[in-house]
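Written out below as structure tokens is the structure these notes cover.
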Amino acid sequence: MTTTQPVPGDRYRPLAFRGWQPTSAGEIDFAFDGAIARIALGPDGSVRLRAALGDELPPDPHEALGRAAWRSAAGELRENDDATLTLWHEGPLGSVRVDIRPDPLTLGIGDRHGEPIAMLGGLHFDARGGARIKQMLGPGERVFGFGEQHGGLDKRGQRLLLRTRDPALTPRGAMYVAIPFYLVHRSDEATASSHGVLLDSFGAARFDVGATRPDRLVLETDGDGLDLIVFPGPTPADVIARFTGRVGRTPRPPLWALGHHQSRWSYANETQVRRVAEELRERGIPTDAIHLDIDYMDGYRVFTWHPKRFPAPAQLAEEMRRQGFRLVAIVDPGVKKDPDYEVYREGLTRDHFCTDRNDRVTTLRVWPGDSVLPDFNRAEVRAWWSEQHRALLDAGVSGIWNDMNEPAGWKSDLRLGRVMLPYRQQDLSAMQQAPPAAPELRVAHERVRNLYGYQECRATRAALENAHPDERPFVLSRSGYAGIQRFAAIWTGDNLARWPHLRESIPMLLNLSLSGVAFCGADIGGFALSCTPELYARWIQLGAFYPFARTHSMWAKKRQEPWRFGPEIEAIAKAALEFRMALMPHLYGLFCESERSGAPVWRPLFYEFPGDAEAAKIEDQFMLGSELMVAPVVTRGARERRVYLPEGRWFAWGDDAQYLGPRWIRVAAPLDSIPLFARAGAIVPMRGAVRHAGEIPDPPLRLEIFPEAEGFARLVEDDGLSLAYQRGGEATRDVRLRAHAAGRLRLEIGRREGDFPIEPRRSQLRFHACPRPQRVLFDGEELGAPAQGAAHCTWSGGHLIVAFEDRGDGAVVEIESGA
Ligand code: GLC
């Protein structure tokens with residue numbers, strides 16, 4: 001696959017090979033005429049390839065990114081007779097073997113049994129230090145990930161530019177978020193396997209995913225050589241565990257942030273905020289947060305309050321808090337260029353803003369007019385930015401929403417006469433990222449552009465941590481880079497209230513999820529253009545399952561609160577959000593799992609069924625964890641849909657109809673319903689619906705049990721707000737289901753582990769598709785109807801409900817139905 005000959009007209013060319021040598025750290029260095037490359041193995045079986053012009057690699061960027069340092073595993077090296085090398089590592093965390101041809105440099109990565117994983121080669125450089133490499137793609141391989149992208153789930157056949165950009169409603173080209181990570185998956189049953197590749201490039205990176213030649217994936221950078229890591233599987237879950245082990249995982253969010261967020265550009269004064277809060281509560285529509293868009297500020301000056309519109313923000317926040325609402329305030333990076341404005345003056349005096357090549361502070365136009373940009377790559381600028389948040393956090397704002405942080409800017413003023421003008425994106429290529437005082441440290445903006453939002457969110461998260469050291473922060477961001485999940489949730493920016501955007505939110509969020517961002521969502525109802533009642537109904541039904549669920553909309557359109565579409569749609573929205581609140585123990589458990597292993601909350605079907613080739617094609621259904629599958633309606637007028645059920649037995653949520661997969665079925669989907677399925681063996685923790693995180697649900701816990709030979713669930717409970725869980729302040733319980741032949745079912749609830757107390761309460765177990773039982777035993781004692789002791793059971797319509805006094809102790813339930 002490699003050539004040593006330059007191709008006429010191609011800016012990238014190969015460099016002559018000079019020799020190789022092992023390093024003391026167990027890596028191998030390869031010298032070229034004017035360039036160097038290094039291959040290192042990680043303890044988890046990952047393979048890192050770095051290459052750069054010159055005779056030294058640039059410093060490892062982990063400190064600049066706040067990541068753990070890379071540790072190379074001691075690899076074993078063998079020189080083969082045919083001048084090739086074999087480097088391998090076997091360890092408890094992973095094993096890998098790399099067959100290396102030094103000239104031209106080619107890497108054949110395989111597992112310890114010699115099964116191939118990935119083949120890379122064709123290393124080229126351009127004169128400015130950009131690099132290119134190619135990866136072979138096998139016929140059955142699909143390519144997923146790349147963070148936030150338009151264009152469907154499988155990226156094979158596409159050309160992608162990863163460079164953070166405000167696409168301004170165009171459904172093409174680079175997006176707000178740039179995560180240069182992809183997952184290659186082959187799903188033939190016998191040899192199903194996955195691996196992942198991160199191209200750790202902070203400037204623009206281009207990927208030709210088999211578009212030019214179907215059997216080649218070509219990766220290109222514009223500078224700084226190449227830093228690439230291949231993460232072996234074999235399952236998608238293994239790949240993502242390794243990838244997130246490198247770039248970081250989603251910390252457990254506060255419970256309130258998993259509730260519904262109601263937003264609008266803008267709730268522009270205190271009265272509007274109060275009114276929307278009042279209506280939400282009066283109508284019983286579950287909501288935990290209200291967002292304040294740009295109009296809360298004084299002339300769009302960040303960290304200020306508009307004196308007339310928001311004269312008493314602390315009082316407002318306090319009132320909201322009493323009603324169970326948190327306030328989330330938007331913060332844009334653009335600081336208004338205004339000599340009378342403290343943040344601008346101070347930032348200028350301290351050299352905190354980005355400058356151009358001539359040491360002039362770079363100006364761009366955003367909401368406040370001419371604005372300047374803090375240089376978030378510097379730690380002291382981040383610390384200063386964190387401090388500014390006092391103005392918001394002291395007033396009682398609970399979460400921060402970082403927008404426009406690609407960074408976005410325009411040449412015409414968008415707000416002129418409140419009419420959208422066509423505009424061109426600001427050309428920021430001349431911008432530098434270092435203080436005038438340290439010219440030798442300067443980096444051109446383009447080389448680190450993709451980190452701008454990432455570093456801003458890092459500062460924002462620190463602001464919340466400083467203000468409330470024992471609370472979990474909530475930060476929402478529009479832009480980000482690989483690992484952004486450590487600091488912020490991502491929403492997918494400005495979408496349209498149109499059916500294709502509803503449909504597309506599924507593959508977009510699935511690819512973001514596969515790229516490490518577990519906490520993600522799209523604007524429910526669409527941001528721009530007016531939403532129709534039917535579209536809103538379908539969107540909120542789906543959005544109630546988004547990991548991050550926010551209704552947001554632009555000013556120039558019909559209002560988008562749930563009651564704006566008439567009583568029928570309001571009832572649908574209410575029911576959808578109530579279901580989310582009832583499902584919270586399951587959702588929360590998935591976030592806890594994601595924090596531990598990197599596993600996404602939203603998963604494409606192939607993630608759970610890696611050997612199912614049909615499942616790998618599905619992009620309008622998704623798994624919510626490994627137990628539930630959602631098949632939303634995303635087509636106008638549709639009142640039924642086809643659903644693919646992978647292998648196993650499935651229960652339709654609601655009527656418990658059972659189906660045996662793999663097969664396609666057609667299900668009814670009237671406007672007030674969204675098809676949902678539970679895998680047999682599922683134990684889904686739920687609770688009574690509440691209107692916000694602060695309310696006490698009734699029942700506090702109910703396990704929905706879908707009988708099968710075996711089932712397992714881990715229940716996690718904690719205070720939902722503080723960091724006490726990191727010090728043992730959580731309660732986990734393992735629940736196991738076993739069905740024996742002849743109608744006998746046994747459920748074992750393990751004893752609580754951890755220090756979080758479970759106050760005595762009435763919990764419930766609901767066994768689905770259960771014939772009328774002859775005997776139900778609870779800890780060996782036979783149960784009867786209500787009022788006969790601490791535990792009791794009732795049976796009706798094929799459901800058996802066991803209610804019991806739950807103190808977090810272990811319990812065993814046995815059901816004999818004599819069937
Ligand atoms: C951007 C954001 C949008 C926000 C608007 C005004 O377009 O993407 O969510 O409402 O700016 O702040």
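Going by the structure tokens order, chains are called A, B, ..., each with residues numbered from 1, while ligands are numbered from 1 in the order shown.
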For chain A against ligand 1, with a cut-off of 8 Å and counting only C-alpha atoms and all ligand atoms, what is the closest atom pair and its distance in Å to one decimal for every residue that makes the cut, ordered by chain and number, as CSV?
```
residue,atom,partner,partner_atom_place_in_ligand_line,distance
A:Ala168,CA,ligand 1,7 (O),7.7
A:Arg264,CA,ligand 1,10 (O),6.7
A:Trp265,CA,ligand 1,10 (O),4.7
A:Ser266,CA,ligand 1,10 (O),7.2
A:Asp293,CA,ligand 1,12 (O),5.4
A:Ile294,CA,ligand 1,12 (O),5.0
A:Ile330,CA,ligand 1,12 (O),7.2
A:Asp403,CA,ligand 1,2 (C),6.0
A:Met404,CA,ligand 1,1 (C),6.4
A:Arg478,CA,ligand 1,8 (O),7.0
A:Gly493,CA,ligand 1,8 (O),4.7
A:Asp494,CA,ligand 1,8 (O),4.9
A:Phe527,CA,ligand 1,9 (O),7.1
A:His552,CA,ligand 1,9 (O),7.1
A:Ser553,CA,ligand 1,10 (O),6.8
A:Met554,CA,ligand 1,10 (O),5.9
```
Which neighbours of A:Trp499 fall inside 7 Å, counting only C-alpha atoms, when residues of the same chain fewer than 4 positions from it are skipped, and could you give them as JSON, numbers by chain?
{"A": [503, 535, 634, 635, 636]}
Could you write those residues out with C-alpha atoms, as a compact mmCIF listing (two decimals), in the first residue's frame?
```txt
# COMPACT_ATOMS: atom_id res chain seq x y z
CA ARG A 503 -34.02 12.08 12.04
CA LEU A 535 -42.91 17.50 14.64
CA VAL A 634 -39.03 10.38 12.58
CA THR A 635 -41.26 10.63 9.52
CA ARG A 636 -44.10 13.07 9.04
```
Measuring between only C-alpha atoms, which one of A:Glu619, A:Glu593, A:Asp166, A:Asp154 shows the shortest distance to A:Val209?
A:Asp154
Using DSSP on the backbone, list every residue of stretch 97-278 of chain A that comes out as strand (DSSP E), and give them as a ChimeraX atom specification.
/A:97-101,106-110,116-125,131-136,141-145,158-162,177-178,181-186,193-199,205-209,216-221,226-232,260-262
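When only C-alpha atoms are used to measure the gap to A:Arg458, the shortest distance among A:Gln541, A:Gln149, A:Gln432, A:Asn377 belongs to A:Asn377.
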As a PyMOL selection string, please: the residues near A:Asp332 (cut-off 10 Å, only C-alpha atoms, same-chain neighbours under 4 positions excluded).
chain A and resi 294+300-303+366-367+373+401-405+407-408+456
Since we have the selection now, will you write its residues out, keeping N, CA, C and O atoms, as an mmCIF file, in the first residue's frame?
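The file below, result24.cif, is the result:
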```cif
data_model
loop_
_atom_site.group_PDB
_atom_site.id
_atom_site.type_symbol
_atom_site.label_atom_id
_atom_site.label_comp_id
_atom_site.auth_asym_id
_atom_site.auth_seq_id
_atom_site.Cartn_x
_atom_site.Cartn_y
_atom_site.Cartn_z
ATOM 1 N N ILE A 294 -28.444 35.088 25.716
ATOM 2 C CA ILE A 294 -27.631 36.317 25.764
ATOM 3 C C ILE A 294 -28.297 37.589 26.295
ATOM 4 O O ILE A 294 -27.594 38.496 26.709
ATOM 5 N N TYR A 300 -24.632 42.593 26.057
ATOM 6 C CA TYR A 300 -23.886 41.365 25.710
ATOM 7 C C TYR A 300 -22.475 41.348 26.288
ATOM 8 O O TYR A 300 -21.588 40.680 25.763
ATOM 9 N N ARG A 301 -22.283 42.081 27.380
ATOM 10 C CA ARG A 301 -20.979 42.010 28.079
ATOM 11 C C ARG A 301 -21.025 40.793 28.991
ATOM 12 O O ARG A 301 -21.882 40.734 29.887
ATOM 13 N N VAL A 302 -20.105 39.850 28.745
ATOM 14 C CA VAL A 302 -20.129 38.636 29.575
ATOM 15 C C VAL A 302 -19.863 38.983 31.033
ATOM 16 O O VAL A 302 -19.140 39.930 31.325
ATOM 17 N N PHE A 303 -20.453 38.204 31.917
ATOM 18 C CA PHE A 303 -20.348 38.362 33.381
ATOM 19 C C PHE A 303 -20.996 39.649 33.892
ATOM 20 O O PHE A 303 -20.569 40.212 34.890
ATOM 21 N N VAL A 366 -18.926 39.745 17.203
ATOM 22 C CA VAL A 366 -19.935 38.807 17.702
ATOM 23 C C VAL A 366 -21.057 39.615 18.328
ATOM 24 O O VAL A 366 -21.170 40.812 18.039
ATOM 25 N N TRP A 367 -21.880 39.021 19.174
ATOM 26 C CA TRP A 367 -23.072 39.738 19.665
ATOM 27 C C TRP A 367 -22.785 41.131 20.208
ATOM 28 O O TRP A 367 -23.508 42.077 19.912
ATOM 29 N N LEU A 373 -10.741 37.988 22.215
ATOM 30 C CA LEU A 373 -10.849 36.587 22.650
ATOM 31 C C LEU A 373 -9.785 36.225 23.674
ATOM 32 O O LEU A 373 -8.591 36.361 23.401
ATOM 33 N N TRP A 401 -23.379 27.703 30.246
ATOM 34 C CA TRP A 401 -23.557 27.265 28.867
ATOM 35 C C TRP A 401 -22.554 28.023 28.004
ATOM 36 O O TRP A 401 -22.664 29.230 27.859
ATOM 37 N N ASN A 402 -21.549 27.326 27.497
ATOM 38 C CA ASN A 402 -20.500 27.957 26.687
ATOM 39 C C ASN A 402 -20.840 27.847 25.208
ATOM 40 O O ASN A 402 -20.782 26.771 24.615
ATOM 41 N N ASP A 403 -21.163 29.000 24.630
ATOM 42 C CA ASP A 403 -21.572 29.037 23.226
ATOM 43 C C ASP A 403 -20.507 29.776 22.406
ATOM 44 O O ASP A 403 -19.593 30.398 22.969
ATOM 45 N N MET A 404 -20.597 29.737 21.102
ATOM 46 C CA MET A 404 -19.766 30.530 20.176
ATOM 47 C C MET A 404 -18.278 30.266 20.361
ATOM 48 O O MET A 404 -17.446 31.102 20.025
ATOM 49 N N ASN A 405 -17.935 29.087 20.885
ATOM 50 C CA ASN A 405 -16.553 28.867 21.309
ATOM 51 C C ASN A 405 -15.731 28.043 20.320
ATOM 52 O O ASN A 405 -14.789 27.370 20.713
ATOM 53 N N PRO A 407 -13.674 29.364 17.882
ATOM 54 C CA PRO A 407 -14.611 30.438 18.182
ATOM 55 C C PRO A 407 -15.304 30.926 16.905
ATOM 56 O O PRO A 407 -14.742 30.850 15.826
ATOM 57 N N ALA A 408 -16.545 31.436 17.093
ATOM 58 C CA ALA A 408 -17.327 31.939 15.962
ATOM 59 C C ALA A 408 -17.228 33.460 15.914
ATOM 60 O O ALA A 408 -17.097 34.108 16.946
ATOM 61 N N GLU A 456 -11.704 26.482 27.030
ATOM 62 C CA GLU A 456 -12.643 27.394 27.694
ATOM 63 C C GLU A 456 -13.483 26.628 28.710
ATOM 64 O O GLU A 456 -13.684 27.062 29.842
#
```
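Between A:Gly34 and the residues A:Gly480, A:Pro14, A:Gly589, A:Pro22, the shortest atom-to-atom distance, using only C-alpha atoms, involves A:Pro14.
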